[in-house]
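One file, entry36.csv, is given below (CSV, C-alpha atoms and all ligand atoms).
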```csv
chain,number,residue,atom,x,y,z
A,1,MET,CA,-21.5,-79.5,-42.0
A,2,LYS,CA,-25.0,-79.5,-43.4
A,3,ARG,CA,-28.0,-79.8,-41.0
A,4,ALA,CA,-31.5,-81.2,-41.5
A,5,LEU,CA,-34.6,-80.8,-39.4
A,6,ILE,CA,-37.0,-83.7,-39.6
A,7,THR,CA,-40.5,-83.8,-38.0
A,8,GLY,CA,-42.0,-87.2,-37.2
A,9,ALA,CA,-38.5,-88.6,-36.9
A,10,THR,CA,-39.5,-91.2,-34.2
A,11,SER,CA,-41.0,-93.8,-36.6
A,12,GLY,CA,-41.6,-95.0,-40.1
A,13,ILE,CA,-40.5,-92.8,-43.0
A,14,GLY,CA,-39.1,-90.0,-40.8
A,15,MET,CA,-36.9,-92.3,-38.8
A,16,GLN,CA,-35.5,-93.9,-42.0
A,17,MET,CA,-34.8,-90.4,-43.4
A,18,ALA,CA,-32.9,-89.6,-40.2
A,19,LEU,CA,-30.8,-92.8,-40.6
A,20,ILE,CA,-30.0,-92.1,-44.2
A,21,LEU,CA,-29.0,-88.5,-43.7
A,22,HIS,CA,-26.9,-89.4,-40.6
A,23,ARG,CA,-25.1,-92.0,-42.7
A,24,GLN,CA,-24.4,-89.3,-45.3
A,25,GLY,CA,-22.8,-87.1,-42.6
A,26,TRP,CA,-25.6,-84.6,-42.0
A,27,GLU,CA,-26.2,-83.1,-38.5
A,28,LEU,CA,-29.8,-83.6,-37.4
A,29,VAL,CA,-32.5,-81.8,-35.5
A,30,LEU,CA,-35.1,-84.4,-34.7
A,31,SER,CA,-38.7,-83.9,-33.6
A,32,GLY,CA,-41.7,-85.9,-32.6
A,33,ARG,CA,-43.8,-86.5,-29.5
A,34,ASN,CA,-41.9,-89.5,-28.2
A,35,GLU,CA,-39.1,-88.0,-26.2
A,36,LYS,CA,-37.6,-91.4,-25.2
A,37,ILE,CA,-37.1,-92.4,-28.9
A,38,LEU,CA,-35.7,-89.0,-29.8
A,39,GLN,CA,-33.2,-89.3,-26.9
A,40,LYS,CA,-32.1,-92.8,-28.0
A,41,MET,CA,-31.6,-91.6,-31.6
A,42,ALA,CA,-29.6,-88.6,-30.4
A,43,GLU,CA,-27.4,-90.8,-28.3
A,44,LYS,CA,-26.9,-93.3,-31.2
A,45,PHE,CA,-26.1,-90.5,-33.7
A,46,GLY,CA,-23.9,-88.5,-31.3
A,47,GLY,CA,-22.2,-85.4,-32.5
A,48,GLU,CA,-24.3,-82.3,-32.7
A,49,THR,CA,-27.7,-84.2,-32.9
A,50,LYS,CA,-30.4,-82.1,-31.3
A,51,TYR,CA,-34.0,-83.0,-30.6
A,52,LEU,CA,-37.2,-81.3,-29.4
A,53,ALA,CA,-40.2,-83.4,-28.3
A,54,LEU,CA,-43.4,-81.6,-29.0
A,55,ASP,CA,-46.9,-82.2,-30.2
A,56,LEU,CA,-47.4,-80.4,-33.5
A,57,SER,CA,-51.2,-80.2,-33.0
A,58,GLU,CA,-50.5,-77.7,-30.2
A,59,ARG,CA,-51.2,-74.1,-31.3
A,60,ASP,CA,-47.6,-72.7,-30.9
A,61,ALA,CA,-45.7,-75.9,-31.5
A,62,ALA,CA,-44.4,-75.2,-35.0
A,63,GLN,CA,-43.3,-71.7,-34.0
A,64,ARG,CA,-41.5,-73.2,-31.0
A,65,LEU,CA,-39.7,-75.7,-33.2
A,66,TYR,CA,-38.6,-72.9,-35.5
A,67,ASP,CA,-37.4,-70.9,-32.5
A,68,PHE,CA,-35.5,-73.9,-31.2
A,69,CYS,CA,-33.6,-74.0,-34.5
A,70,GLN,CA,-32.5,-70.4,-34.3
A,71,GLY,CA,-28.7,-70.1,-34.0
A,72,MET,CA,-28.4,-73.4,-36.0
A,73,LYS,CA,-28.2,-73.1,-39.8
A,74,ILE,CA,-30.9,-75.5,-41.2
A,75,ASP,CA,-30.2,-76.5,-44.8
A,76,PHE,CA,-32.9,-79.1,-45.2
A,77,LEU,CA,-36.4,-79.1,-43.7
A,78,ILE,CA,-38.4,-82.3,-43.9
A,79,ASN,CA,-42.1,-81.9,-43.0
A,80,ASN,CA,-42.9,-85.5,-42.4
A,81,ALA,CA,-45.1,-85.8,-39.3
A,82,GLY,CA,-48.6,-86.8,-40.1
A,83,PHE,CA,-51.4,-89.2,-39.5
A,84,GLY,CA,-54.8,-90.4,-40.9
A,85,ILE,CA,-58.2,-91.1,-39.4
A,86,PHE,CA,-60.5,-93.8,-40.9
A,87,GLY,CA,-64.3,-93.7,-40.9
A,88,GLU,CA,-67.4,-92.1,-42.3
A,89,PHE,CA,-67.3,-88.3,-41.9
A,90,THR,CA,-70.5,-88.3,-39.8
A,91,GLU,CA,-68.9,-90.8,-37.4
A,92,THR,CA,-65.3,-89.7,-37.0
A,93,ASP,CA,-64.3,-87.6,-34.0
A,94,LEU,CA,-64.2,-83.9,-34.6
A,95,SER,CA,-61.4,-83.0,-32.2
A,96,ALA,CA,-59.2,-85.8,-33.6
A,97,GLU,CA,-59.8,-84.3,-37.1
A,98,LEU,CA,-58.9,-80.8,-35.9
A,99,GLU,CA,-55.7,-82.3,-34.6
A,100,LEU,CA,-55.1,-83.9,-38.0
A,101,ILE,CA,-55.6,-80.5,-39.7
A,102,ASP,CA,-53.2,-78.9,-37.2
A,103,VAL,CA,-50.4,-81.5,-37.8
A,104,ASN,CA,-50.9,-82.4,-41.5
A,105,ILE,CA,-51.7,-78.8,-42.7
A,106,ARG,CA,-51.2,-76.0,-40.1
A,107,ALA,CA,-47.8,-77.1,-38.9
A,108,VAL,CA,-46.5,-77.9,-42.4
A,109,HIS,CA,-47.8,-74.4,-43.5
A,110,ILE,CA,-46.1,-72.6,-40.7
A,111,LEU,CA,-42.7,-74.4,-40.9
A,112,THR,CA,-42.6,-74.1,-44.7
A,113,LYS,CA,-43.3,-70.4,-44.4
A,114,LEU,CA,-40.8,-69.6,-41.7
A,115,PHE,CA,-37.9,-71.6,-43.1
A,116,LEU,CA,-38.6,-70.7,-46.7
A,117,LYS,CA,-38.3,-67.0,-45.9
A,118,ASP,CA,-34.8,-67.7,-44.4
A,119,PHE,CA,-33.9,-70.0,-47.3
A,120,VAL,CA,-34.9,-67.4,-49.9
A,121,LYS,CA,-33.0,-64.7,-48.2
A,122,ARG,CA,-29.8,-66.6,-48.4
A,123,ASP,CA,-30.8,-68.3,-51.7
A,124,SER,CA,-30.1,-71.8,-50.5
A,125,GLY,CA,-31.9,-74.6,-48.7
A,126,MET,CA,-34.3,-77.5,-49.4
A,127,ILE,CA,-37.8,-78.4,-48.2
A,128,LEU,CA,-39.3,-81.9,-48.6
A,129,ASN,CA,-43.0,-82.1,-47.7
A,130,VAL,CA,-44.1,-85.6,-47.1
A,131,ALA,CA,-47.6,-85.7,-48.8
A,132,SER,CA,-49.1,-88.8,-50.2
A,133,SER,CA,-50.6,-90.2,-53.4
A,134,ALA,CA,-53.8,-89.4,-51.4
A,135,GLY,CA,-52.9,-85.8,-52.3
A,136,PHE,CA,-54.2,-86.2,-55.9
A,137,LEU,CA,-57.7,-87.5,-55.0
A,138,SER,CA,-60.8,-87.2,-52.8
A,139,GLY,CA,-60.8,-90.0,-50.3
A,140,PRO,CA,-64.1,-91.2,-48.9
A,141,LEU,CA,-63.6,-93.0,-45.5
A,142,LEU,CA,-60.3,-91.2,-45.0
A,143,SER,CA,-61.7,-87.8,-46.1
A,144,SER,CA,-59.8,-85.4,-43.8
A,145,TYR,CA,-56.5,-87.2,-44.5
A,146,TYR,CA,-56.9,-87.1,-48.3
A,147,ALA,CA,-58.0,-83.4,-48.1
A,148,SER,CA,-55.0,-82.6,-45.9
A,149,LYS,CA,-52.6,-84.1,-48.3
A,150,ASN,CA,-54.2,-82.3,-51.3
A,151,TYR,CA,-53.4,-79.1,-49.4
A,152,VAL,CA,-49.8,-80.1,-49.0
A,153,VAL,CA,-49.4,-81.1,-52.7
A,154,ARG,CA,-51.0,-77.8,-53.9
A,155,LEU,CA,-49.1,-75.6,-51.5
A,156,THR,CA,-45.8,-77.2,-52.5
A,157,THR,CA,-46.3,-77.1,-56.2
A,158,ALA,CA,-47.5,-73.5,-56.1
A,159,ILE,CA,-44.5,-72.4,-54.0
A,160,ARG,CA,-42.2,-74.3,-56.4
A,161,GLU,CA,-43.5,-72.3,-59.3
A,162,GLU,CA,-43.0,-69.0,-57.4
A,163,LEU,CA,-39.4,-70.0,-56.7
A,164,ARG,CA,-38.8,-71.1,-60.3
A,165,ARG,CA,-40.0,-67.7,-61.6
A,166,LYS,CA,-37.6,-65.9,-59.2
A,167,GLY,CA,-34.7,-68.0,-60.4
A,168,SER,CA,-34.2,-69.1,-56.8
A,169,HIS,CA,-31.8,-71.9,-55.9
A,170,VAL,CA,-34.1,-73.0,-53.1
A,171,GLN,CA,-35.6,-76.4,-53.7
A,172,ILE,CA,-39.1,-77.6,-52.6
A,173,GLY,CA,-40.8,-80.8,-53.4
A,174,ALA,CA,-43.4,-83.3,-52.2
A,175,LEU,CA,-43.0,-87.0,-51.6
A,176,CYS,CA,-46.2,-88.8,-52.6
A,177,PRO,CA,-46.1,-92.5,-51.8
A,178,GLY,CA,-48.9,-95.0,-51.9
A,179,PRO,CA,-49.0,-97.5,-49.0
A,180,VAL,CA,-45.9,-97.7,-46.8
A,181,ASP,CA,-45.3,-100.3,-44.1
A,182,THR,CA,-45.1,-98.1,-41.0
A,183,ASN,CA,-47.1,-97.4,-37.9
A,184,PHE,CA,-49.5,-95.2,-40.0
A,185,ASN,CA,-52.1,-98.0,-40.4
A,186,ASN,CA,-52.2,-98.8,-36.6
A,187,ARG,CA,-52.9,-95.1,-35.8
A,188,ALA,CA,-55.5,-94.8,-38.6
A,189,GLY,CA,-57.1,-98.1,-37.6
A,190,VAL,CA,-56.8,-99.7,-41.0
A,191,THR,CA,-55.1,-102.5,-42.8
A,192,PHE,CA,-53.4,-102.6,-46.2
A,193,SER,CA,-55.5,-102.9,-49.4
A,194,ALA,CA,-52.4,-103.0,-51.6
A,195,LYS,CA,-48.8,-104.2,-51.2
A,196,PRO,CA,-46.9,-101.6,-49.3
A,197,ILE,CA,-43.4,-100.4,-50.0
A,198,THR,CA,-40.8,-100.2,-47.1
A,199,PRO,CA,-40.3,-96.9,-45.2
A,200,LYS,CA,-36.6,-97.2,-46.2
A,201,PHE,CA,-37.4,-97.2,-49.9
A,202,ALA,CA,-39.8,-94.3,-49.5
A,203,ALA,CA,-37.2,-92.3,-47.5
A,204,GLU,CA,-34.4,-93.0,-50.0
A,205,TYR,CA,-36.7,-92.0,-52.9
A,206,GLY,CA,-37.7,-88.7,-51.2
A,207,ILE,CA,-34.2,-87.7,-50.3
A,208,ALA,CA,-32.6,-88.7,-53.6
A,209,GLY,CA,-35.5,-86.9,-55.4
A,210,THR,CA,-35.0,-83.7,-53.4
A,211,PHE,CA,-31.2,-83.7,-54.0
A,212,ALA,CA,-32.0,-84.1,-57.8
A,213,GLY,CA,-34.4,-81.1,-57.6
A,214,LYS,CA,-37.6,-83.1,-58.2
A,215,GLY,CA,-41.1,-81.6,-57.6
A,216,LEU,CA,-43.6,-84.4,-57.1
A,217,MET,CA,-42.0,-87.7,-56.1
A,218,ILE,CA,-44.1,-90.8,-56.5
A,219,PRO,CA,-42.0,-93.8,-55.6
A,220,THR,CA,-43.5,-96.7,-57.6
A,221,LEU,CA,-44.4,-97.1,-61.3
A,222,GLY,CA,-47.8,-98.5,-60.4
A,223,MET,CA,-48.7,-95.5,-58.3
A,224,LYS,CA,-47.3,-93.1,-61.0
A,225,LEU,CA,-49.6,-94.7,-63.6
A,226,GLY,CA,-52.5,-94.6,-61.1
A,227,VAL,CA,-52.0,-90.8,-60.5
A,228,ILE,CA,-51.8,-90.2,-64.3
A,229,ALA,CA,-54.8,-92.3,-65.0
A,230,SER,CA,-56.8,-90.5,-62.3
A,231,LYS,CA,-56.4,-87.2,-64.3
A,232,PHE,CA,-58.4,-88.8,-67.2
A,233,VAL,CA,-61.2,-90.2,-65.1
A,234,PRO,CA,-64.2,-88.0,-64.1
A,235,GLU,CA,-64.0,-87.1,-60.4
A,236,GLU,CA,-67.3,-88.8,-59.7
A,237,LEU,CA,-65.9,-92.1,-61.0
A,238,ALA,CA,-62.6,-91.7,-59.3
A,239,VAL,CA,-64.2,-91.1,-56.0
A,240,ARG,CA,-66.3,-94.3,-56.3
A,241,PHE,CA,-63.1,-96.3,-57.0
A,242,VAL,CA,-61.3,-94.8,-54.0
A,243,TYR,CA,-64.3,-95.6,-51.8
A,244,GLU,CA,-64.0,-99.3,-52.8
A,245,LEU,CA,-60.3,-99.2,-52.2
A,246,GLN,CA,-60.6,-97.7,-48.8
A,247,LYS,CA,-63.5,-100.0,-47.8
A,248,ARG,CA,-61.0,-102.9,-48.2
A,249,LYS,CA,-58.8,-101.3,-45.6
A,250,GLU,CA,-61.5,-101.6,-42.9
A,251,ILE,CA,-60.6,-103.8,-40.0
A,252,VAL,CA,-63.8,-106.0,-39.3
A,301,LIG,N1,-47.6,-95.1,-44.3
A,301,LIG,C1,-48.2,-94.8,-45.4
A,301,LIG,O1,-48.9,-95.6,-46.0
A,301,LIG,C2,-48.1,-93.4,-45.9
A,301,LIG,C3,-48.3,-93.2,-47.3
A,301,LIG,C4,-48.2,-91.9,-47.8
A,301,LIG,C5,-47.8,-90.9,-47.0
A,301,LIG,N2,-47.5,-91.1,-45.7
A,301,LIG,C6,-47.1,-90.0,-44.9
A,301,LIG,O2,-45.8,-90.2,-44.4
A,301,LIG,C7,-45.6,-89.4,-43.2
A,301,LIG,C8,-45.0,-90.3,-42.1
A,301,LIG,O3,-45.8,-91.3,-41.7
A,301,LIG,P1,-45.4,-92.8,-41.5
A,301,LIG,O4,-46.1,-93.6,-42.6
A,301,LIG,O5,-44.0,-92.9,-41.4
A,301,LIG,O6,-46.2,-93.1,-40.2
A,301,LIG,P2,-45.7,-93.3,-38.7
A,301,LIG,O7,-44.8,-94.5,-38.6
A,301,LIG,O8,-47.0,-93.4,-37.9
A,301,LIG,O9,-44.9,-92.0,-38.3
A,301,LIG,C9,-45.6,-90.8,-38.1
A,301,LIG,C10,-44.6,-89.8,-37.5
A,301,LIG,O10,-45.3,-88.6,-37.3
A,301,LIG,C11,-45.2,-88.1,-35.9
A,301,LIG,N3,-46.4,-87.5,-35.4
A,301,LIG,C12,-47.7,-87.9,-35.5
A,301,LIG,N4,-48.5,-87.1,-34.8
A,301,LIG,C13,-47.7,-86.1,-34.3
A,301,LIG,C14,-48.0,-84.9,-33.6
A,301,LIG,N5,-49.2,-84.6,-33.1
A,301,LIG,N6,-47.0,-84.1,-33.3
A,301,LIG,C15,-45.7,-84.4,-33.6
A,301,LIG,N7,-45.4,-85.5,-34.4
A,301,LIG,C16,-46.4,-86.3,-34.7
A,301,LIG,C17,-44.9,-89.4,-35.1
A,301,LIG,O11,-44.2,-89.2,-34.0
A,301,LIG,P3,-44.7,-89.3,-32.5
A,301,LIG,O12,-45.6,-90.5,-32.4
A,301,LIG,O13,-43.4,-89.5,-31.7
A,301,LIG,O14,-45.4,-88.1,-32.2
A,301,LIG,C18,-44.1,-90.3,-36.1
A,301,LIG,O15,-42.7,-90.0,-36.0
A,301,LIG,C19,-47.0,-88.9,-42.8
A,301,LIG,O16,-47.1,-87.5,-43.1
A,301,LIG,C20,-47.9,-89.7,-43.6
A,301,LIG,O17,-49.1,-89.1,-43.9
A,301,LIG,C21,-47.6,-92.3,-45.1
```
In structure tokens, write the structure found in this file.
Amino acid sequence: MKRALITGATSGIGMQMALILHRQGWELVLSGRNEKILQKMAEKFGGETKYLALDLSERDAAQRLYDFCQGMKIDFLINNAGFGIFGEFTETDLSAELELIDVNIRAVHILTKLFLKDFVKRDSGMILNVASSAGFLSGPLLSSYYASKNYVVRLTTAIREELRRKGSHVQIGALCPGPVDTNFNNRAGVTFSAKPITPKFAAEYGIAGTFAGKGLMIPTLGMKLGVIASKFVPEELAVRFVYELQKRKEIV
């Protein structure tokens, strides 16, 4: 029986990934802060489903999650937990931003490192890092979030190249959706400026892409074209466009 660990499994894309993998017969280790939801999911899934409620912004949380998984063979790590903060950089809260860096970057870095070492040793395993199309751009008004997802995209593609050169059978990729209809906007305090896709579609796309060995997974044609186009536009122009796009997300 194959086993997957999913962070941020209590809502949105992560919850949909859990449902999909459960239907495919995977055993799951679920994580998030909301213990009640994790408990309900574990009851519903039954079998060997395990869960650990923790806040990934806490200093030792990622290591604790890794330790929790010792003795279980994890075949698929999904680093999905993440959130955004909207506002001008001079006005957003520093401690909330440091939390964002801890969850979106630090925890992803630690979990990727710890599990990847095990996967490389046995030459099997998959990692899916849930980044964002924000990971290809600078994002005024969501600056820390965009910067954090740039980190995830760059880290993932760099590791992917190292694995390729080693001839490793370990798979790593990043899911990079545009807007997805989840609780993300509520937490970030924004509204949609473009039509979102469903979390189910994003989850299916990321899982199918990982199984197919894909590196960067951008779910819609519109967003794919947007990312390609952004490579041909000077950064100064692109950042102006992103500002206008983000400004439309402001709840007034
Ligand atoms: N929605 C979008 O438009 C969009 C677009 C591109 C990429 N993404 C990315 O997709 C991923 C999933 O987000 P979503 O859209 O599904 O949003 P969501 O519905 O808000 O889900 C976020 C998940 O992350 C977990 N999480 C947040 N802070 C955490 C913390 N401190 N410690 C542990 N877990 C934490 C939440 O669980 P608890 O609340 O139980 O802690 C929840 O399960 C994120 O990485 C996000 O950046 C989202």
Using all atoms listed in the file, tabulate the residues of chain A lying at most 6 Å from any atom of ligand LIG 301 (chain A), each with its closest atom pair and that distance in Å to one decimal, by chain and increasing residue number, as JSON lines.
```
{"residue": "A:Gly8", "atom": "CA", "partner": "A:LIG301", "partner_atom": "O15", "distance": 3.1}
{"residue": "A:Ala9", "atom": "CA", "partner": "A:LIG301", "partner_atom": "O15", "distance": 4.5}
{"residue": "A:Thr10", "atom": "CA", "partner": "A:LIG301", "partner_atom": "O15", "distance": 3.9}
{"residue": "A:Ser11", "atom": "CA", "partner": "A:LIG301", "partner_atom": "O15", "distance": 4.2}
{"residue": "A:Gly12", "atom": "CA", "partner": "A:LIG301", "partner_atom": "O5", "distance": 3.4}
{"residue": "A:Ile13", "atom": "CA", "partner": "A:LIG301", "partner_atom": "O5", "distance": 3.8}
{"residue": "A:Gly14", "atom": "CA", "partner": "A:LIG301", "partner_atom": "O5", "distance": 5.7}
{"residue": "A:Gly32", "atom": "CA", "partner": "A:LIG301", "partner_atom": "O13", "distance": 4.1}
{"residue": "A:Arg33", "atom": "CA", "partner": "A:LIG301", "partner_atom": "O14", "distance": 3.5}
{"residue": "A:Asn34", "atom": "CA", "partner": "A:LIG301", "partner_atom": "O13", "distance": 3.8}
{"residue": "A:Leu54", "atom": "CA", "partner": "A:LIG301", "partner_atom": "C15", "distance": 5.9}
{"residue": "A:Asp55", "atom": "CA", "partner": "A:LIG301", "partner_atom": "N6", "distance": 3.6}
{"residue": "A:Leu56", "atom": "CA", "partner": "A:LIG301", "partner_atom": "N6", "distance": 3.7}
{"residue": "A:Ser57", "atom": "CA", "partner": "A:LIG301", "partner_atom": "N5", "distance": 4.8}
{"residue": "A:Asn80", "atom": "CA", "partner": "A:LIG301", "partner_atom": "O16", "distance": 4.7}
{"residue": "A:Ala81", "atom": "CA", "partner": "A:LIG301", "partner_atom": "O10", "distance": 3.4}
{"residue": "A:Gly82", "atom": "CA", "partner": "A:LIG301", "partner_atom": "O16", "distance": 3.4}
{"residue": "A:Phe83", "atom": "CA", "partner": "A:LIG301", "partner_atom": "O17", "distance": 5.0}
{"residue": "A:Val103", "atom": "CA", "partner": "A:LIG301", "partner_atom": "N5", "distance": 5.8}
{"residue": "A:Val130", "atom": "CA", "partner": "A:LIG301", "partner_atom": "O16", "distance": 5.3}
{"residue": "A:Ala131", "atom": "CA", "partner": "A:LIG301", "partner_atom": "C5", "distance": 5.5}
{"residue": "A:Ser132", "atom": "CA", "partner": "A:LIG301", "partner_atom": "C4", "distance": 4.0}
{"residue": "A:Pro177", "atom": "CA", "partner": "A:LIG301", "partner_atom": "C4", "distance": 4.6}
{"residue": "A:Gly178", "atom": "CA", "partner": "A:LIG301", "partner_atom": "C3", "distance": 5.0}
{"residue": "A:Pro179", "atom": "CA", "partner": "A:LIG301", "partner_atom": "O1", "distance": 3.6}
{"residue": "A:Val180", "atom": "CA", "partner": "A:LIG301", "partner_atom": "O1", "distance": 3.7}
{"residue": "A:Asp181", "atom": "CA", "partner": "A:LIG301", "partner_atom": "N1", "distance": 5.7}
{"residue": "A:Thr182", "atom": "CA", "partner": "A:LIG301", "partner_atom": "O7", "distance": 4.3}
{"residue": "A:Asn183", "atom": "CA", "partner": "A:LIG301", "partner_atom": "O7", "distance": 3.8}
{"residue": "A:Phe184", "atom": "CA", "partner": "A:LIG301", "partner_atom": "O8", "distance": 3.7}
```
Neighbour list for Ser168 (chain A) as a PyMOL selection string, cut-off 12 Å, all atoms listed in the file, skip fewer than 4 positions in-chain: chain A and resi 116-117+119-126+159-164+172
Which of A:Ala4, A:Leu245, A:Ala188, A:Ile218 sits closest to Glu97 (chain A) [using all atoms listed in the file]: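 Result for the nearest residue to Glu97 (chain A): A:Ala188.
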Long-range neighbours of region 61-73 of chain A as a list in words, 10 Å cut-off, all atoms listed in the file, 6 positions minimum in chain: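 Within the cut-off, the hits are Met1, Lys2, Arg3, Ala4, Leu5, Thr7, Val29, Leu30, Ser31, Lys50, Tyr51, Leu52, Ala53, Leu54, Asp55, Asp102, Val103, Arg106, Ala107, Val108, His109, Ile110, Leu111, Thr112, Leu114, Phe115, Asp118, Phe119 and Gly125 of chain A.
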Pick from A:Glu236, A:Glu88, A:Glu250, A:Glu43 nearest to Ser143 (chain A), counting all atoms listed in the file: A:Glu88
Distance of CA of Gly226 (chain A) from CA of Leu21 (chain A), expressed in Å to one decimal place: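 If I compute the distance from CA of Leu21 (chain A) to CA of Gly226 (chain A), I get 29.9 Å.
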Which residues, written as a compact mmCIF listing (two decimals) with C-alpha atoms, in the coordinates of the input, have at least one atom at most 9 Å from Gly206 (chain A), with only C-alpha atoms counted and residues fewer than 5 positions away on the same chain left out?
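Once written, out-v9.txt looks like this:
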```txt
# COMPACT_ATOMS: atom_id res chain seq x y z
CA MET A 17 -34.80 -90.40 -43.40
CA LEU A 128 -39.30 -81.90 -48.60
CA VAL A 130 -44.10 -85.60 -47.10
CA GLY A 173 -40.80 -80.80 -53.40
CA ALA A 174 -43.40 -83.30 -52.20
CA LEU A 175 -43.00 -87.00 -51.60
CA CYS A 176 -46.20 -88.80 -52.60
CA PHE A 201 -37.40 -97.20 -49.90
CA PHE A 211 -31.20 -83.70 -54.00
CA LYS A 214 -37.60 -83.10 -58.20
CA MET A 217 -42.00 -87.70 -56.10
CA ILE A 218 -44.10 -90.80 -56.50
CA PRO A 219 -42.00 -93.80 -55.60
```
Nearest-residue call for Tyr151 (chain A), choices A:Gln171, A:Asn186, A:Lys200, A:Ile101, using all atoms listed in the file: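 Closest residue, counting all atoms listed in the file: A:Ile101.
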CA of Asp75 (chain A) to CA of Ile37 (chain A), straight-line distance in Å: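 Pair CA of Ile37 (chain A) / CA of Asp75 (chain A) returns 23.5 Å.
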